[in-house]
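In what follows, a structure is listed as structure tokens, so that the remarks can point back to it.
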Amino acid sequence: MSYQSRSGTYPILVSIPHNGADIPPGIVAKMTDVGRSSRDTDWYLDRLYQVSELNDASWIVAETSRYVIDLNRPHNGETLYPGQATTGLVPTISFDASALYLGEEPDAAEIQRHVKEVWQPYHCQLQLEIDRLISLHHRLVLLEAHSIASVVPRLFDGVLPDFNIGTNRGKSCDAELENSILEALTKQNDYSHVANGRFIGGYITRHYGNPSKDIHAVQIELSQSTYLDEASLAWNSMKADRVQKVLRETIRTIRNWLDKP
């Protein structure tokens with residue numbers, strides 16, 4: 001299976017579509033060292049989000065690398081950020097524009113195979129969990145967990161803020177929920193934050209977030225400098241413990257909003 005999932009009892013669904021680094025051997029054989037490294041993975045987010053506030057949440061966590069197929073892109077390959085640098089449904093370059101393939105890149109037939117075997121199962125499971133939770137609770141928050149290197153000149157200028165909240169410019173969740181999250185982040189002084197800056201939410205946030213049906217999607221794009229030693233991409237326990245305190249407060253804020261009558 002290309003993902004792991006768990007059904008919880010509380011109306012929060014955690015989606016981590018870029019957590020995986022697995023690449024099938026047949027694809028690895030055609031890749032450069034950069035491609036094989038899967039270095040643009042959202043490293044260790046499944047570990048970072050293991051907090052008590054999410055013990056009763058539902059989870060879906062990708063195991064396949066985004067270099068095979070990007071689960072947070074439309075299956076038709078439509079760009080999410082017109083006029084801005086990005087990577088596609090089946091990337092051929094990394095975030096810094098390094099080639100992922102030695103020569104032969106995936107053709108249309110291979111792309112469609114990845115859609116059928118990896119993209120569709122993830123999204124089917126996502127929809128099933130959304131439907132189940134809505135039937136039980138009539139309201140839910142889809143929490144899209146992401147992370148990225150703090151400096152990626154091809155994608156953004158300078159150093160990325162630590163917490164990047166994406167709500168598709170207010171379209172994917174209730175305004176009160178968004179404001180509550182931002183108020184919680186404003187109360188702490190350890191990390192910078194921005195709402196709907198360079199990252200406003202990818203396909204999952206935009207497609208599934210539907211406040212009119214009480215499905216509220218929020219993307220949190222963390223700078224990897226908050227929990228990794230970026231040069232080695234190694235987990236840093238001191239950093240992780242520190243940022244988890246703010247993550248936990250953010251999740252408590254979401255729960256308080258959900259629990260309101």
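All residue names refer to the structure tokens as shown: chains lettered A, B, ... in order, residues numbered from 1 in each chain, ligands numbered from 1 in order.
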Show which residues sit within 7 Å of region 78-91 of chain A, as a short mmCIF file (atom, residue, chain, number, x, y, z; two decimals) with all heavy atoms, in the first residue's frame. Count only C-alpha atoms, and ignore same-chain residues fewer than 3 positions away.
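result.cif was written with the following content:
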data_model
loop_
_atom_site.label_atom_id
_atom_site.label_comp_id
_atom_site.auth_asym_id
_atom_site.auth_seq_id
_atom_site.Cartn_x
_atom_site.Cartn_y
_atom_site.Cartn_z
N TYR A 67 8.36 12.36 -5.57
CA TYR A 67 9.07 12.28 -6.85
C TYR A 67 8.43 11.25 -7.78
O TYR A 67 8.61 11.32 -9.00
CB TYR A 67 10.53 11.93 -6.63
CG TYR A 67 11.40 13.06 -6.12
CD1 TYR A 67 12.74 12.83 -5.82
CD2 TYR A 67 10.90 14.35 -5.96
CE1 TYR A 67 13.56 13.86 -5.36
CE2 TYR A 67 11.71 15.38 -5.49
CZ TYR A 67 13.04 15.12 -5.18
OH TYR A 67 13.85 16.13 -4.73
N VAL A 68 7.69 10.29 -7.22
CA VAL A 68 6.97 9.33 -8.04
C VAL A 68 5.69 9.98 -8.57
O VAL A 68 5.41 9.96 -9.76
CB VAL A 68 6.64 8.06 -7.25
CG1 VAL A 68 5.79 7.09 -8.08
CG2 VAL A 68 7.92 7.37 -6.79
N ILE A 69 4.91 10.54 -7.64
CA ILE A 69 3.73 11.32 -8.00
C ILE A 69 3.38 12.20 -6.81
O ILE A 69 3.49 11.78 -5.66
CB ILE A 69 2.54 10.43 -8.41
CG1 ILE A 69 1.41 11.29 -9.01
CG2 ILE A 69 2.05 9.58 -7.25
CD1 ILE A 69 0.35 10.48 -9.74
N ASP A 70 2.99 13.43 -7.10
CA ASP A 70 2.68 14.40 -6.05
C ASP A 70 1.19 14.32 -5.73
O ASP A 70 0.34 14.73 -6.53
CB ASP A 70 3.07 15.81 -6.50
CG ASP A 70 3.07 16.79 -5.35
OD1 ASP A 70 2.25 16.62 -4.42
OD2 ASP A 70 3.89 17.73 -5.37
N ARG A 73 -1.20 17.55 -5.94
CA ARG A 73 -1.40 18.23 -7.22
C ARG A 73 -2.65 17.64 -7.89
O ARG A 73 -2.96 16.46 -7.68
CB ARG A 73 -0.19 18.04 -8.14
CG ARG A 73 1.11 18.62 -7.60
CD ARG A 73 1.10 20.14 -7.59
NE ARG A 73 2.41 20.66 -7.18
CZ ARG A 73 2.75 20.90 -5.92
NH1 ARG A 73 1.89 20.64 -4.95
NH2 ARG A 73 3.95 21.38 -5.63
N PRO A 74 -3.34 18.41 -8.71
CA PRO A 74 -4.48 17.84 -9.45
C PRO A 74 -4.03 16.70 -10.37
O PRO A 74 -2.94 16.77 -10.94
CB PRO A 74 -4.99 19.04 -10.27
CG PRO A 74 -4.41 20.26 -9.64
CD PRO A 74 -3.11 19.83 -9.03
N HIS A 75 -4.85 15.69 -10.51
CA HIS A 75 -4.44 14.53 -11.32
C HIS A 75 -4.34 14.86 -12.81
O HIS A 75 -3.74 14.11 -13.57
CB HIS A 75 -5.39 13.36 -11.11
CG HIS A 75 -6.79 13.61 -11.58
ND1 HIS A 75 -7.18 13.49 -12.89
CD2 HIS A 75 -7.90 13.98 -10.90
CE1 HIS A 75 -8.46 13.77 -13.00
NE2 HIS A 75 -8.93 14.08 -11.81
N ILE A 111 2.65 8.05 -16.27
CA ILE A 111 2.00 9.01 -15.38
C ILE A 111 0.60 8.52 -15.01
O ILE A 111 0.21 8.56 -13.83
CB ILE A 111 1.94 10.40 -16.05
CG1 ILE A 111 3.36 10.99 -16.13
CG2 ILE A 111 1.01 11.33 -15.28
CD1 ILE A 111 3.45 12.26 -16.96
N ARG A 154 14.54 29.14 -5.74
CA ARG A 154 13.71 28.97 -6.93
C ARG A 154 12.23 29.18 -6.62
O ARG A 154 11.46 29.60 -7.49
CB ARG A 154 13.93 27.59 -7.53
CG ARG A 154 13.05 27.29 -8.74
CD ARG A 154 13.43 25.98 -9.40
NE ARG A 154 12.38 25.56 -10.32
CZ ARG A 154 11.38 24.73 -10.00
NH1 ARG A 154 11.32 24.22 -8.78
NH2 ARG A 154 10.46 24.40 -10.89
N LEU A 155 11.83 28.88 -5.39
CA LEU A 155 10.41 28.93 -5.04
C LEU A 155 10.00 30.20 -4.30
O LEU A 155 8.84 30.62 -4.38
CB LEU A 155 10.03 27.71 -4.19
CG LEU A 155 10.21 26.34 -4.84
CD1 LEU A 155 9.71 25.25 -3.92
CD2 LEU A 155 9.49 26.27 -6.18
N GLY A 202 -2.37 23.57 -1.08
CA GLY A 202 -2.27 22.86 -2.34
C GLY A 202 -3.61 22.28 -2.78
O GLY A 202 -4.68 22.72 -2.33
#
Report task. Would you mind listing what lies within 10 Å of His137 (chain A) as a list in words, with only C-alpha atoms counted and same-chain residues fewer than 4 positions away left out? Result -> Thr9, Tyr10, Pro11, Arg132, Leu133, Asp214 and Leu258 of chain A
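For region 113-125 of chain A, the residues within 7 Å (counting only C-alpha atoms, excluding itself and residues fewer than 4 positions away along the chain) are Ser2, Tyr3, Ile69, Leu71, His75, Ala109 and Glu129 of chain A.
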Report task. Fewer than 2 positions away in the same chain doesn't count, so skip those; otherwise give me all residues within 6 Å of Gly20 (chain A), counting only C-alpha atoms, as a PyMOL selection string. Result -> chain A and resi 18+22+62-65
Report task. Excluding Tyr191 (chain A) and any residue of its chain fewer than 6 positions from it, enumerate the residues within 8 Å of it, using only C-alpha atoms, and give them as a ChimeraX atom specification. Result -> /A:161-163
Query raised in the report: Which residue, A:Asn55, A:Gln219, A:Asn19, A:Ser94, has the smallest gap to Met31 (chain A) when you use only C-alpha atoms?
Result: A:Ser94
Requested in this report: Return as number ranges by chain the full set of residues in region 4-71 of chain A whose backbone-based DSSP assignment is helix (DSSP H, G or I).
Outcome: A: 25-28, 33-37, 45-48, 52-54
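Distance-wise, CA of Ile165 (chain A) and CA of Arg206 (chain A) end up 13.1 Å apart.
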Query - Selection near region 95-108 of chain A, 7 Å with only C-alpha atoms, sequence-local residues under 3 positions removed, as a ChimeraX atom specification - result: /A:30-32,34-35,40,92,111-112,152,154
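Computed from the coordinates, the CA of Ser237 (chain A) to CA of Arg47 (chain A) distance equals 10.9 Å.
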**Report entry** Nearby residues (only C-alpha atoms) at most 10 Å from Asn168 (chain A), same-chain spacing under 4 positions excluded, as a ChimeraX atom specification
**Finding:** /A:172-173,195-197,199-203,205-207,209,217-219
